[in-house]
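Q: Below you'll find entry.txt; it's compact mmCIF, C-alpha atoms.
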```txt
# COMPACT_ATOMS: atom_id res chain seq x y z
CA MET N 1 13.71 3.64 -24.69
CA PHE N 2 10.63 5.07 -23.10
CA GLU N 3 9.00 8.36 -22.36
CA ILE N 4 8.04 9.92 -19.05
CA TYR N 5 4.67 11.58 -18.99
CA GLU N 6 3.20 13.62 -16.12
CA THR N 7 -0.46 12.61 -15.97
CA LYS N 8 -1.57 14.56 -12.98
CA THR N 9 -0.50 16.71 -10.08
CA ARG N 10 -3.03 17.57 -7.48
CA ILE N 11 -2.67 18.01 -3.79
CA THR N 12 -4.94 20.57 -2.25
CA ASP N 13 -6.20 21.00 1.24
CA ASP N 14 -7.11 23.11 4.17
CA ASN N 15 -6.19 19.96 6.02
CA ASP N 16 -2.91 21.51 7.20
CA ALA N 17 -4.70 24.23 9.12
CA ARG N 18 -6.94 21.71 10.86
CA ALA N 19 -3.94 19.54 11.69
CA ALA N 20 -2.06 22.49 13.21
CA GLU N 21 -5.09 23.30 15.36
CA LEU N 22 -5.34 19.72 16.56
CA ARG N 23 -1.61 19.65 17.31
CA SER N 24 -1.95 22.73 19.53
CA GLU N 25 -4.87 21.20 21.40
CA LEU N 26 -2.91 18.04 22.09
CA GLU N 27 0.16 20.01 23.16
CA ALA N 28 -1.95 21.95 25.63
CA LYS N 29 -3.05 18.62 27.10
CA LYS N 30 0.49 17.20 27.02
CA VAL N 31 -0.72 14.28 24.93
CA PHE N 32 2.02 12.91 22.67
CA PHE N 33 0.38 11.79 19.44
CA ILE N 34 2.09 9.34 17.06
CA ASN N 35 0.98 8.66 13.49
CA LEU N 36 2.07 5.15 12.47
CA MET N 37 2.08 4.49 8.74
CA GLY N 38 3.16 1.75 6.33
CA SER N 39 2.04 -0.59 3.58
CA PRO N 40 -0.50 -3.34 4.12
CA GLY N 41 1.35 -6.18 5.80
CA ALA N 42 4.38 -4.12 6.82
CA GLY N 43 3.71 -5.15 10.42
CA LYS N 44 2.09 -2.04 11.89
CA THR N 45 -0.04 -3.86 14.43
CA SER N 46 2.62 -6.26 15.67
CA THR N 47 5.11 -3.39 15.93
CA LEU N 48 2.52 -1.47 17.91
CA VAL N 49 1.96 -4.38 20.28
CA ARG N 50 5.65 -4.60 21.17
CA THR N 51 5.99 -0.84 21.41
CA ILE N 52 2.99 -0.50 23.70
CA ASN N 53 4.24 -3.28 25.94
CA ALA N 54 7.51 -1.40 26.38
CA LEU N 55 5.75 1.91 27.12
CA LYS N 56 2.68 1.07 29.12
CA ASP N 57 4.26 0.90 32.57
CA GLU N 58 5.41 4.49 32.27
CA PHE N 59 2.67 6.06 30.15
CA SER N 60 -1.09 5.84 29.89
CA ILE N 61 -1.79 4.85 26.29
CA GLY N 62 -4.64 5.15 23.81
CA VAL N 63 -4.83 3.67 20.33
CA MET N 64 -6.93 4.58 17.31
CA GLU N 65 -7.02 1.79 14.77
CA ALA N 66 -7.95 3.12 11.35
CA ASP N 67 -9.08 0.58 8.84
CA MET N 68 -11.32 0.61 5.84
CA ASP N 69 -13.56 -2.06 7.16
CA SER N 70 -12.44 -4.70 9.64
CA ASP N 71 -11.80 -4.63 13.36
CA VAL N 72 -9.13 -7.35 13.64
CA ASP N 73 -6.42 -4.89 14.69
CA ALA N 74 -8.51 -3.31 17.44
CA GLN N 75 -9.24 -6.79 18.75
CA THR N 76 -5.51 -7.50 18.96
CA ILE N 77 -4.71 -4.21 20.65
CA SER N 78 -7.60 -4.34 23.10
CA GLN N 79 -6.00 -7.41 24.69
CA LEU N 80 -3.13 -5.20 25.90
CA GLY N 81 -5.43 -3.42 28.32
CA VAL N 82 -5.08 0.01 26.75
CA ARG N 83 -7.86 2.27 25.52
CA VAL N 84 -8.71 1.46 21.89
CA ILE N 85 -11.15 2.69 19.30
CA GLN N 86 -11.62 1.25 15.82
CA LEU N 87 -12.14 3.90 13.15
CA HIS N 88 -13.70 2.89 9.87
CA THR N 89 -12.67 5.12 7.01
CA GLY N 90 -15.18 3.68 4.55
CA GLY N 91 -13.62 3.96 1.14
CA SER N 92 -10.97 6.45 2.19
CA CYS N 93 -7.32 5.44 1.86
CA HIS N 94 -6.04 7.61 4.69
CA MET N 95 -6.98 9.51 7.80
CA ASP N 96 -7.18 13.29 7.59
CA ALA N 97 -7.12 15.84 10.41
CA ASP N 98 -10.91 16.06 10.64
CA MET N 99 -11.40 12.32 10.86
CA THR N 100 -8.65 12.16 13.45
CA LYS N 101 -10.20 14.92 15.52
CA ARG N 102 -13.53 13.14 15.53
CA GLY N 103 -11.86 9.88 16.49
CA LEU N 104 -10.01 11.55 19.38
CA ASP N 105 -13.20 13.24 20.61
CA ARG N 106 -15.01 9.95 20.49
CA MET N 107 -12.30 7.98 22.26
CA THR N 108 -11.61 10.90 24.66
CA THR N 109 -8.06 11.91 25.52
CA GLU N 110 -8.74 12.31 29.26
CA GLY N 111 -5.92 10.87 31.34
CA LEU N 112 -3.86 9.72 28.35
CA ASP N 113 -0.16 10.53 27.91
CA VAL N 114 0.45 8.92 24.54
CA ILE N 115 -1.90 8.17 21.64
CA PHE N 116 -1.06 6.07 18.62
CA LEU N 117 -2.92 6.26 15.36
CA GLU N 118 -2.44 3.14 13.26
CA ASN N 119 -3.17 4.64 9.86
CA VAL N 120 -4.69 2.79 6.89
CA GLY N 121 -2.14 0.46 5.27
CA ASN N 122 -0.84 2.59 2.42
CA LEU N 123 2.51 4.13 1.44
CA VAL N 124 0.93 6.92 -0.57
CA CYS N 125 -2.09 8.80 0.74
CA PRO N 126 -1.37 8.95 4.49
CA ALA N 127 1.89 10.76 3.66
CA GLU N 128 -0.11 13.62 2.17
CA PHE N 129 -2.32 14.23 5.16
CA ASP N 130 -1.01 15.78 8.35
CA VAL N 131 -3.17 14.51 11.21
CA GLY N 132 -1.67 16.71 13.91
CA ALA N 133 0.81 14.16 15.22
CA ALA N 134 3.91 15.11 17.21
CA LEU N 135 5.78 12.21 15.63
CA LYS N 136 5.38 10.46 12.29
CA VAL N 137 6.67 6.91 12.18
CA MET N 138 6.71 4.81 9.05
CA ILE N 139 7.44 1.13 8.69
CA LEU N 140 9.27 -0.30 5.72
CA SER N 141 9.45 -4.09 5.87
CA ALA N 142 12.32 -5.99 4.31
CA PRO N 143 10.15 -8.02 1.89
CA GLU N 144 8.92 -4.78 0.30
CA GLY N 145 12.42 -4.02 -0.93
CA ASP N 146 15.09 -1.41 -0.26
CA ASP N 147 14.06 0.58 -3.37
CA LYS N 148 10.83 1.87 -1.85
CA PRO N 149 12.19 5.35 -0.97
CA LEU N 150 12.75 5.84 -4.70
CA LYS N 151 9.19 4.95 -5.55
CA TYR N 152 7.21 6.44 -2.68
CA PRO N 153 9.40 9.42 -1.81
CA LEU N 154 6.82 11.52 0.00
CA MET N 155 6.32 8.98 2.79
CA PHE N 156 10.05 8.98 3.54
CA THR N 157 10.27 12.75 3.22
CA VAL N 158 7.56 13.50 5.78
CA SER N 159 8.35 10.80 8.36
CA ASP N 160 10.48 11.40 11.45
CA VAL N 161 11.27 7.73 11.92
CA MET N 162 11.69 4.76 9.60
CA LEU N 163 11.37 1.36 11.25
CA GLU N 164 12.90 -1.33 9.06
CA ASN N 165 10.74 -4.24 10.11
CA LYS N 166 11.08 -7.98 9.44
CA ILE N 167 14.81 -7.34 9.41
CA ASP N 168 15.31 -11.02 10.31
CA THR N 169 14.23 -11.87 6.73
CA LYS N 170 16.50 -9.42 4.95
CA ASP N 171 18.69 -12.11 3.40
CA VAL N 172 15.69 -13.97 1.98
CA PHE N 173 14.69 -10.80 0.12
CA ASP N 174 18.12 -9.31 -0.65
CA TYR N 175 17.07 -6.31 1.40
CA ASP N 176 20.04 -4.05 2.02
CA PRO N 177 19.38 -1.83 5.07
CA GLU N 178 22.32 0.43 4.22
CA LYS N 179 20.82 1.13 0.82
CA ALA N 180 17.35 1.73 2.19
CA GLU N 181 18.71 4.12 4.80
CA GLU N 182 20.87 5.95 2.32
CA ARG N 183 17.90 6.41 -0.02
CA ALA N 184 15.67 7.57 2.83
CA ARG N 185 18.29 10.05 4.04
CA ALA N 186 18.76 11.43 0.54
CA LEU N 187 15.11 12.54 0.79
CA ASN N 188 15.14 13.40 4.46
CA PRO N 189 18.55 13.87 6.14
CA ASP N 190 16.96 14.00 9.62
CA ILE N 191 15.08 10.71 9.43
CA ARG N 192 15.86 8.39 12.34
CA THR N 193 16.10 4.71 11.39
CA PHE N 194 15.86 1.53 13.45
CA ARG N 195 16.27 -2.04 12.25
CA VAL N 196 13.69 -4.15 14.02
CA SER N 197 11.75 -7.38 13.91
CA ALA N 198 8.35 -7.39 15.54
CA LYS N 199 8.49 -11.17 15.27
CA THR N 200 11.80 -11.80 17.10
CA GLY N 201 11.95 -8.57 19.11
CA GLU N 202 15.31 -7.63 17.60
CA GLY N 203 16.02 -3.89 17.74
CA PHE N 204 13.02 -3.03 19.91
CA ASP N 205 15.04 -2.03 22.97
CA GLU N 206 16.84 0.60 20.99
CA TRP N 207 13.67 1.88 19.30
CA THR N 208 11.51 2.01 22.42
CA SER N 209 14.27 3.53 24.59
CA TRP N 210 14.67 6.30 22.04
CA LEU N 211 10.91 6.78 21.82
CA LYS N 212 10.46 6.95 25.59
CA GLU N 213 13.15 9.60 25.80
CA GLN N 214 11.43 11.61 23.07
CA ILE N 215 8.12 11.46 24.88
CA ARG N 216 9.65 12.42 28.24
CA THR N 217 11.49 15.39 26.76
CA TRP N 218 8.48 16.58 24.80
CA ARG N 219 6.17 16.38 27.78
CA SER N 220 8.61 18.11 30.13
CA GLU N 221 8.83 21.03 27.69
CA ARG N 222 5.08 21.54 27.52
CA MET Z 223 -13.62 -3.76 24.68
CA PHE Z 224 -13.63 -1.15 21.99
CA GLU Z 225 -15.99 0.77 19.82
CA ILE Z 226 -16.29 0.86 16.05
CA TYR Z 227 -16.83 4.29 14.60
CA GLU Z 228 -17.56 5.09 10.94
CA THR Z 229 -15.54 8.22 10.20
CA LYS Z 230 -16.25 8.64 6.57
CA THR Z 231 -17.81 7.14 3.49
CA ARG Z 232 -17.22 8.80 0.21
CA ILE Z 233 -16.84 7.30 -3.21
CA THR Z 234 -18.19 9.37 -6.04
CA ASP Z 235 -17.32 9.52 -9.67
CA ASP Z 236 -18.18 9.84 -13.27
CA ASN Z 237 -15.07 7.76 -13.68
CA ASP Z 238 -17.16 4.67 -14.43
CA ALA Z 239 -18.66 6.23 -17.54
CA ARG Z 240 -15.23 7.20 -18.85
CA ALA Z 241 -13.90 3.74 -18.12
CA ALA Z 242 -16.78 2.09 -20.00
CA GLU Z 243 -16.08 4.31 -23.00
CA LEU Z 244 -12.41 3.44 -22.95
CA ARG Z 245 -13.24 -0.26 -22.67
CA SER Z 246 -15.43 -0.06 -25.80
CA GLU Z 247 -12.68 1.70 -27.73
CA LEU Z 248 -10.16 -0.98 -26.82
CA GLU Z 249 -12.60 -3.75 -27.65
CA ALA Z 250 -13.14 -2.26 -31.09
CA LYS Z 251 -9.39 -2.40 -31.59
CA LYS Z 252 -9.12 -5.93 -30.11
CA VAL Z 253 -6.62 -4.70 -27.58
CA PHE Z 254 -6.73 -6.75 -24.37
CA PHE Z 255 -6.05 -4.38 -21.49
CA ILE Z 256 -4.90 -5.66 -18.08
CA ASN Z 257 -4.85 -3.60 -14.89
CA LEU Z 258 -2.20 -4.98 -12.51
CA MET Z 259 -2.54 -3.88 -8.90
CA GLY Z 260 -0.95 -4.63 -5.52
CA SER Z 261 0.84 -3.16 -2.52
CA PRO Z 262 4.25 -1.57 -2.76
CA GLY Z 263 6.76 -4.39 -2.88
CA ALA Z 264 4.23 -7.12 -3.71
CA GLY Z 265 6.28 -7.89 -6.82
CA LYS Z 266 4.27 -6.26 -9.59
CA THR Z 267 7.22 -5.49 -11.85
CA SER Z 268 8.97 -8.85 -11.50
CA THR Z 269 5.66 -10.65 -12.06
CA LEU Z 270 5.15 -8.53 -15.14
CA VAL Z 271 8.60 -9.39 -16.47
CA ARG Z 272 7.95 -13.13 -16.26
CA THR Z 273 4.45 -12.77 -17.66
CA ILE Z 274 5.58 -10.68 -20.62
CA ASN Z 275 8.36 -13.14 -21.41
CA ALA Z 276 5.77 -15.93 -21.59
CA LEU Z 277 3.44 -13.90 -23.82
CA LYS Z 278 5.61 -11.88 -26.13
CA ASP Z 279 6.20 -14.53 -28.79
CA GLU Z 280 2.47 -14.76 -29.42
CA PHE Z 281 1.29 -11.21 -28.73
CA SER Z 282 2.52 -7.72 -29.37
CA ILE Z 283 2.73 -6.06 -25.96
CA GLY Z 284 2.65 -2.55 -24.53
CA VAL Z 285 3.19 -1.52 -20.92
CA MET Z 286 2.19 1.60 -19.01
CA GLU Z 287 4.15 1.96 -15.80
CA ALA Z 288 2.33 4.22 -13.36
CA ASP Z 289 4.37 5.58 -10.53
CA MET Z 290 4.23 8.67 -8.40
CA ASP Z 291 7.69 9.74 -9.26
CA SER Z 292 10.43 7.34 -10.35
CA ASP Z 293 11.11 5.53 -13.61
CA VAL Z 294 12.91 2.45 -12.29
CA ASP Z 295 10.11 0.10 -13.37
CA ALA Z 296 9.96 1.43 -16.91
CA GLN Z 297 13.71 0.97 -17.14
CA THR Z 298 13.34 -2.68 -16.15
CA ILE Z 299 10.49 -3.33 -18.56
CA SER Z 300 12.10 -1.49 -21.50
CA GLN Z 301 14.84 -4.12 -21.49
CA LEU Z 302 12.29 -6.72 -22.61
CA GLY Z 303 11.95 -5.05 -25.98
CA VAL Z 304 8.27 -4.16 -25.59
CA ARG Z 305 6.68 -0.73 -25.94
CA VAL Z 306 6.77 1.10 -22.59
CA ILE Z 307 5.68 4.44 -21.27
CA GLN Z 308 6.27 5.75 -17.76
CA LEU Z 309 3.30 7.64 -16.34
CA HIS Z 310 3.83 9.97 -13.42
CA THR Z 311 0.74 10.42 -11.29
CA GLY Z 312 2.20 13.26 -9.23
CA GLY Z 313 0.63 13.01 -5.82
CA SER Z 314 -2.17 10.72 -6.93
CA CYS Z 315 -2.41 7.27 -5.37
CA HIS Z 316 -4.05 5.57 -8.31
CA MET Z 317 -4.75 5.79 -12.03
CA ASP Z 318 -8.23 6.80 -13.13
CA ALA Z 319 -9.88 6.32 -16.53
CA ASP Z 320 -8.91 9.79 -17.77
CA MET Z 321 -5.26 9.42 -16.86
CA THR Z 322 -5.27 5.98 -18.46
CA LYS Z 323 -6.83 7.29 -21.66
CA ARG Z 324 -4.21 9.99 -21.91
CA GLY Z 325 -1.45 7.48 -21.28
CA LEU Z 326 -2.80 5.17 -23.99
CA ASP Z 327 -3.11 8.03 -26.47
CA ARG Z 328 0.43 9.09 -25.77
CA MET Z 329 1.91 5.60 -26.02
CA THR Z 330 -0.39 4.76 -28.98
CA THR Z 331 -2.13 1.39 -29.20
CA GLU Z 332 -1.35 0.85 -32.89
CA GLY Z 333 -0.31 -2.73 -33.58
CA LEU Z 334 -0.61 -3.86 -29.96
CA ASP Z 335 -2.56 -6.96 -28.89
CA VAL Z 336 -2.12 -6.72 -25.15
CA ILE Z 337 -1.49 -3.75 -22.85
CA PHE Z 338 -0.55 -3.95 -19.20
CA LEU Z 339 -1.01 -1.11 -16.78
CA GLU Z 340 1.18 -1.48 -13.71
CA ASN Z 341 -0.84 0.62 -11.30
CA VAL Z 342 0.55 2.63 -8.37
CA GLY Z 343 1.52 0.36 -5.48
CA ASN Z 344 -1.54 0.52 -3.27
CA LEU Z 345 -4.19 -1.94 -2.05
CA VAL Z 346 -6.80 0.74 -1.54
CA CYS Z 347 -7.32 3.48 -4.11
CA PRO Z 348 -6.71 1.61 -7.38
CA ALA Z 349 -9.56 -0.76 -6.41
CA GLU Z 350 -11.99 2.16 -6.52
CA PHE Z 351 -11.14 3.33 -10.01
CA ASP Z 352 -12.15 1.37 -13.09
CA VAL Z 353 -9.60 2.16 -15.81
CA GLY Z 354 -11.38 0.33 -18.62
CA ALA Z 355 -9.44 -2.92 -18.32
CA ALA Z 356 -10.70 -6.23 -19.66
CA LEU Z 357 -8.99 -8.03 -16.78
CA LYS Z 358 -8.11 -6.88 -13.28
CA VAL Z 359 -5.24 -8.76 -11.68
CA MET Z 360 -4.12 -8.17 -8.11
CA ILE Z 361 -1.04 -9.49 -6.37
CA LEU Z 362 -1.02 -10.49 -2.75
CA SER Z 363 2.46 -11.46 -1.59
CA ALA Z 364 2.98 -13.99 1.19
CA PRO Z 365 4.87 -11.59 3.52
CA GLU Z 366 1.85 -9.28 3.59
CA GLY Z 367 -0.21 -11.95 5.35
CA ASP Z 368 -3.23 -14.08 4.55
CA ASP Z 369 -5.54 -11.70 6.44
CA LYS Z 370 -5.39 -8.97 3.83
CA PRO Z 371 -8.77 -9.80 2.21
CA LEU Z 372 -10.34 -9.00 5.58
CA LYS Z 373 -8.68 -5.60 5.74
CA TYR Z 374 -8.75 -4.42 2.13
CA PRO Z 375 -11.91 -6.13 0.91
CA LEU Z 376 -12.63 -3.94 -2.09
CA MET Z 377 -9.45 -4.91 -3.91
CA PHE Z 378 -10.35 -8.58 -3.66
CA THR Z 379 -13.96 -7.94 -4.54
CA VAL Z 380 -13.22 -6.14 -7.81
CA SER Z 381 -10.29 -8.26 -9.06
CA ASP Z 382 -10.69 -11.12 -11.54
CA VAL Z 383 -7.42 -12.75 -10.54
CA MET Z 384 -5.40 -12.97 -7.34
CA LEU Z 385 -1.77 -13.92 -7.79
CA GLU Z 386 -0.28 -15.15 -4.52
CA ASN Z 387 3.29 -14.09 -5.05
CA LYS Z 388 6.48 -14.93 -3.12
CA ILE Z 389 4.79 -18.25 -2.35
CA ASP Z 390 8.26 -19.74 -1.82
CA THR Z 391 8.45 -17.73 1.42
CA LYS Z 392 5.07 -18.73 2.81
CA ASP Z 393 6.51 -20.79 5.67
CA VAL Z 394 8.74 -17.93 6.81
CA PHE Z 395 5.65 -15.75 7.20
CA ASP Z 396 3.06 -18.36 8.27
CA TYR Z 397 1.14 -17.45 5.16
CA ASP Z 398 -1.66 -19.94 4.60
CA PRO Z 399 -2.75 -19.88 0.92
CA GLU Z 400 -5.91 -21.85 1.69
CA LYS Z 401 -6.98 -19.21 4.19
CA ALA Z 402 -6.16 -16.34 1.84
CA GLU Z 403 -8.10 -17.98 -0.98
CA GLU Z 404 -11.06 -18.78 1.22
CA ARG Z 405 -11.19 -15.17 2.43
CA ALA Z 406 -10.89 -13.81 -1.10
CA ARG Z 407 -13.63 -16.13 -2.35
CA ALA Z 408 -15.93 -15.13 0.47
CA LEU Z 409 -15.82 -11.63 -1.04
CA ASN Z 410 -15.69 -12.69 -4.66
CA PRO Z 411 -16.69 -16.28 -5.47
CA ASP Z 412 -15.46 -15.96 -9.08
CA ILE Z 413 -11.93 -14.82 -8.30
CA ARG Z 414 -9.27 -16.98 -9.95
CA THR Z 415 -6.20 -17.64 -7.81
CA PHE Z 416 -2.68 -18.75 -8.70
CA ARG Z 417 0.20 -19.45 -6.33
CA VAL Z 418 3.35 -18.07 -7.89
CA SER Z 419 6.86 -16.90 -7.21
CA ALA Z 420 8.30 -14.31 -9.55
CA LYS Z 421 11.66 -15.13 -8.02
CA THR Z 422 11.73 -18.90 -8.62
CA GLY Z 423 9.21 -19.04 -11.48
CA GLU Z 424 6.98 -21.46 -9.58
CA GLY Z 425 3.37 -21.40 -10.78
CA PHE Z 426 4.02 -19.18 -13.78
CA ASP Z 427 3.28 -21.86 -16.38
CA GLU Z 428 -0.19 -22.33 -15.00
CA TRP Z 429 -0.86 -18.59 -14.69
CA THR Z 430 0.44 -17.60 -18.11
CA SER Z 431 -1.21 -20.56 -19.90
CA TRP Z 432 -4.51 -19.54 -18.40
CA LEU Z 433 -3.91 -15.88 -19.30
CA LYS Z 434 -2.99 -16.70 -22.91
CA GLU Z 435 -6.17 -18.72 -23.28
CA GLN Z 436 -8.21 -15.80 -21.90
CA ILE Z 437 -6.63 -13.39 -24.35
CA ARG Z 438 -7.11 -15.72 -27.33
CA THR Z 439 -10.76 -16.33 -26.49
CA TRP Z 440 -11.48 -12.65 -25.86
CA ARG Z 441 -9.84 -11.55 -29.10
CA SER Z 442 -11.55 -14.24 -31.18
CA GLU Z 443 -14.93 -13.05 -29.87
CA ARG Z 444 -14.32 -9.43 -30.86
```
Step by step, read the file and then write its structure as structure tokens.
A:
Amino acid sequence: MFEIYETKTRITDDNDARAAELRSELEAKKVFFINLMGSPGAGKTSTLVRTINALKDEFSIGVMEADMDSDVDAQTISQLGVRVIQLHTGGSCHMDADMTKRGLDRMTTEGLDVIFLENVGNLVCPAEFDVGAALKVMILSAPEGDDKPLKYPLMFTVSDVMLENKIDTKDVFDYDPEKAEERARALNPDIRTFRVSAKTGEGFDEWTSWLKEQIRTWRSER
Amino acid sequence: MFEIYETKTRITDDNDARAAELRSELEAKKVFFINLMGSPGAGKTSTLVRTINALKDEFSIGVMEADMDSDVDAQTISQLGVRVIQLHTGGSCHMDADMTKRGLDRMTTEGLDVIFLENVGNLVCPAEFDVGAALKVMILSAPEGDDKPLKYPLMFTVSDVMLENKIDTKDVFDYDPEKAEERARALNPDIRTFRVSAKTGEGFDEWTSWLKEQIRTWRSER
């Protein structure tokens, strides 16, 4: 037997107001902004590479790579020939709306149709901070386990899309996609899920076709 | 080409003073306190299970399971017949010294030789908050990639031990332990590394023998 003890509850912010403002600005410019989140090592950058390659003939793309310190991801992305800026968050475990706004101003949104933010690798903090995105995409990789929606519920609650990455290794890790999806949908009935592997390319046609359609529809309505 | 832009630097706290106080209290009681950290899905709980099983004949053990919301880990650990408390951090992405102190008071340290804190799954925030532990252990799992010390340097800088978990899957993920260790040691020359698999048990004899020796020595010096 054991006890459950609530040590702390604390989420405060005027961040939401800033995020809403930023969202309006981007809508006015018809720039579709995607916030990509996930644990360290979930495969955010490699997923981004494949996604950008599928989108870049149709859309002009910009990428903000948020990292605490390094610039390895921006180096990878810059080879795709899209506009990239590396954002260093210092000690901060997430991007907030202010940091995002400054990053966008610095990179400039001129002439861009779609902007990706690769958030800091973290299943907790980024979920709490709206950055003004039109679409929130989170990656859960098979090695992390299908129980993660139980343990990090907020991330699954706030995300529009769950990409189940490294799906080619699901048997190695006894990862059950049905279970993961069921648990995610219990928190968020509207969450869209795709089983993908950024390594093999499996599932990317479905994911990127869906995404392109979302972007087209969104932009035509603005 | 791309630019690197420092969006924010902000780490402040009187947490260190609280942590130092807590450390002294635990030393006076000869309670060896271990802070176990790692990403979601790195295998913290299963590593803990194997470690506790190797230690529990010699030491009386307590466990604090920190989680944002669920109690699945405390349920697992409670089956080992050790003292367990589940701590809920609410929205917080890490434990700090105050939360830890309250958890310890609630669980009570009476009669315990060793206490583990399983921190919130996160490679970022827990690294910033000293919780008064005698030993900081972090888990890097092979699927996360051997580049993680480059991207989350603080965690590797502050930890005493790096457990390279899921080492049985290293070939599936092109995880190079030599590279990971070299990168960790570049940040922290004193870091002790062990290659383990909580699934197969590989490497656990070496890790737990070393840990037992550390605990014995520490306690005999108090």
Q: With distances taken over all atoms listed in the file, which residue among Z:Arg245, Z:Arg272, Z:Lys373, Z:Lys392 lies nearest Thr322 of chain Z?
A: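 Nearest to Thr322 of chain Z: Z:Arg245.
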Q: Near Lys434 of chain Z, counting all atoms listed in the file, which residues have an atom at most 8 Å away, once you skip same-chain residues fewer than 4 positions from it, shown as a list of chain:residue names?
A: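 That gives Z:Leu277, Z:Thr430, Z:Arg438.
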Q: Suppose we keep C-alpha atoms; can you now write the selection as a PDB file, keeping the file's coordinate frame?
A:
```
ATOM      1  CA  LEU Z 277       3.440 -13.900 -23.820  1.00  0.00           C
ATOM      2  CA  THR Z 430       0.440 -17.600 -18.110  1.00  0.00           C
ATOM      3  CA  ARG Z 438      -7.110 -15.720 -27.330  1.00  0.00           C
TER       4      ARG Z 438
END
```
Q: For chain N, which residue out of Z:Glu366, Z:Asp390, Z:Glu287, Z:Asp295 is the nearest one, using all atoms listed in the file?
A: Z:Glu366
Q: Distance atom CA of Asp291 of chain Z-atom CA of Thr311 of chain Z, one decimal place?
A: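 For atom CA of Asp291 of chain Z relative to atom CA of Thr311 of chain Z, the distance reads 7.3 Å.
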Q: Could you give me, as an mmCIF file with C-alpha atoms, in the frame of the given file, the residues within 12 Å of Gln79 of chain N, counting all atoms listed in the file and dropping anything in the same chain fewer than 5 positions from it?
A:
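Once everything was written out, this is around-v5.cif:
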```cif
data_model
loop_
_atom_site.group_PDB
_atom_site.id
_atom_site.type_symbol
_atom_site.label_atom_id
_atom_site.label_comp_id
_atom_site.auth_asym_id
_atom_site.auth_seq_id
_atom_site.Cartn_x
_atom_site.Cartn_y
_atom_site.Cartn_z
ATOM 1 C CA VAL N 49 1.960 -4.380 20.280
ATOM 2 C CA ILE N 52 2.990 -0.500 23.700
ATOM 3 C CA ASN N 53 4.240 -3.280 25.940
ATOM 4 C CA VAL N 63 -4.830 3.670 20.330
ATOM 5 C CA VAL N 72 -9.130 -7.350 13.640
ATOM 6 C CA ASP N 73 -6.420 -4.890 14.690
ATOM 7 C CA ALA N 74 -8.510 -3.310 17.440
ATOM 8 C CA VAL N 84 -8.710 1.460 21.890
ATOM 9 C CA MET Z 223 -13.620 -3.760 24.680
ATOM 10 C CA PHE Z 224 -13.630 -1.150 21.990
#
```
Q: Any idea what's packed within 8 Å of segment 28-43 of chain N, counting all atoms listed in the file, ignoring anything in its chain fewer than 6 positions away? Could you give it as a CSV table (one decimal) with C-alpha atoms, in the frame of the given file?
A:
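So the final result, stored in part-v2.csv, reads:
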```
chain,number,residue,atom,x,y,z
N,109,THR,CA,-8.1,11.9,25.5
N,112,LEU,CA,-3.9,9.7,28.4
N,113,ASP,CA,-0.2,10.5,27.9
N,114,VAL,CA,0.4,8.9,24.5
N,115,ILE,CA,-1.9,8.2,21.6
N,116,PHE,CA,-1.1,6.1,18.6
N,117,LEU,CA,-2.9,6.3,15.4
N,118,GLU,CA,-2.4,3.1,13.3
N,119,ASN,CA,-3.2,4.6,9.9
N,120,VAL,CA,-4.7,2.8,6.9
N,121,GLY,CA,-2.1,0.5,5.3
N,122,ASN,CA,-0.8,2.6,2.4
N,123,LEU,CA,2.5,4.1,1.4
N,126,PRO,CA,-1.4,9.0,4.5
N,131,VAL,CA,-3.2,14.5,11.2
N,132,GLY,CA,-1.7,16.7,13.9
N,133,ALA,CA,0.8,14.2,15.2
N,134,ALA,CA,3.9,15.1,17.2
N,135,LEU,CA,5.8,12.2,15.6
N,136,LYS,CA,5.4,10.5,12.3
N,137,VAL,CA,6.7,6.9,12.2
N,138,MET,CA,6.7,4.8,9.0
N,139,ILE,CA,7.4,1.1,8.7
N,140,LEU,CA,9.3,-0.3,5.7
N,141,SER,CA,9.4,-4.1,5.9
N,144,GLU,CA,8.9,-4.8,0.3
N,165,ASN,CA,10.7,-4.2,10.1
N,166,LYS,CA,11.1,-8.0,9.4
N,198,ALA,CA,8.4,-7.4,15.5
N,215,ILE,CA,8.1,11.5,24.9
N,218,TRP,CA,8.5,16.6,24.8
N,219,ARG,CA,6.2,16.4,27.8
N,222,ARG,CA,5.1,21.5,27.5
Z,261,SER,CA,0.8,-3.2,-2.5
Z,262,PRO,CA,4.2,-1.6,-2.8
Z,344,ASN,CA,-1.5,0.5,-3.3
Z,345,LEU,CA,-4.2,-1.9,-2.0
Z,365,PRO,CA,4.9,-11.6,3.5
Z,366,GLU,CA,1.8,-9.3,3.6
Z,367,GLY,CA,-0.2,-12.0,5.4
Z,370,LYS,CA,-5.4,-9.0,3.8
```
Q: Which polymer residues have any atom within 8 Å of an atom of Phe156 of chain N, counting only C-alpha atoms, with same-chain residues fewer than 4 positions away left out, as JSON, numbers by chain?
A: {"N": [138, 149, 152, 162, 184, 187, 188, 191]}
Q: Kindly give the distance, in Å, that separates atom CA of Ala402 of chain Z and atom CA of Glu386 of chain Z, rounded to a single decimal.
A: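 If I compute the distance from atom CA of Ala402 of chain Z to atom CA of Glu386 of chain Z, I get 8.7 Å.
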Q: In Å, how far is it from atom CA of Glu27 of chain N to atom CA of Leu211 of chain N?
A: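 Pair atom CA of Glu27 of chain N / atom CA of Leu211 of chain N returns 17.1 Å.
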Q: At a cut-off of 9 Å, using only C-alpha atoms, what residues contact Met329 of chain Z? Leave out same-chain residues fewer than 4 positions from it and give the result as a compact mmCIF listing (two decimals) with C-alpha atoms, in the coordinates of the input.
A:
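To be explicit, this is the file written out as part.txt:
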```txt
# COMPACT_ATOMS: atom_id res chain seq x y z
CA GLU N 3 9.00 8.36 -22.36
CA GLY Z 284 2.65 -2.55 -24.53
CA VAL Z 285 3.19 -1.52 -20.92
CA MET Z 286 2.19 1.60 -19.01
CA ARG Z 305 6.68 -0.73 -25.94
CA VAL Z 306 6.77 1.10 -22.59
CA ILE Z 307 5.68 4.44 -21.27
CA ARG Z 324 -4.21 9.99 -21.91
CA GLY Z 325 -1.45 7.48 -21.28
```
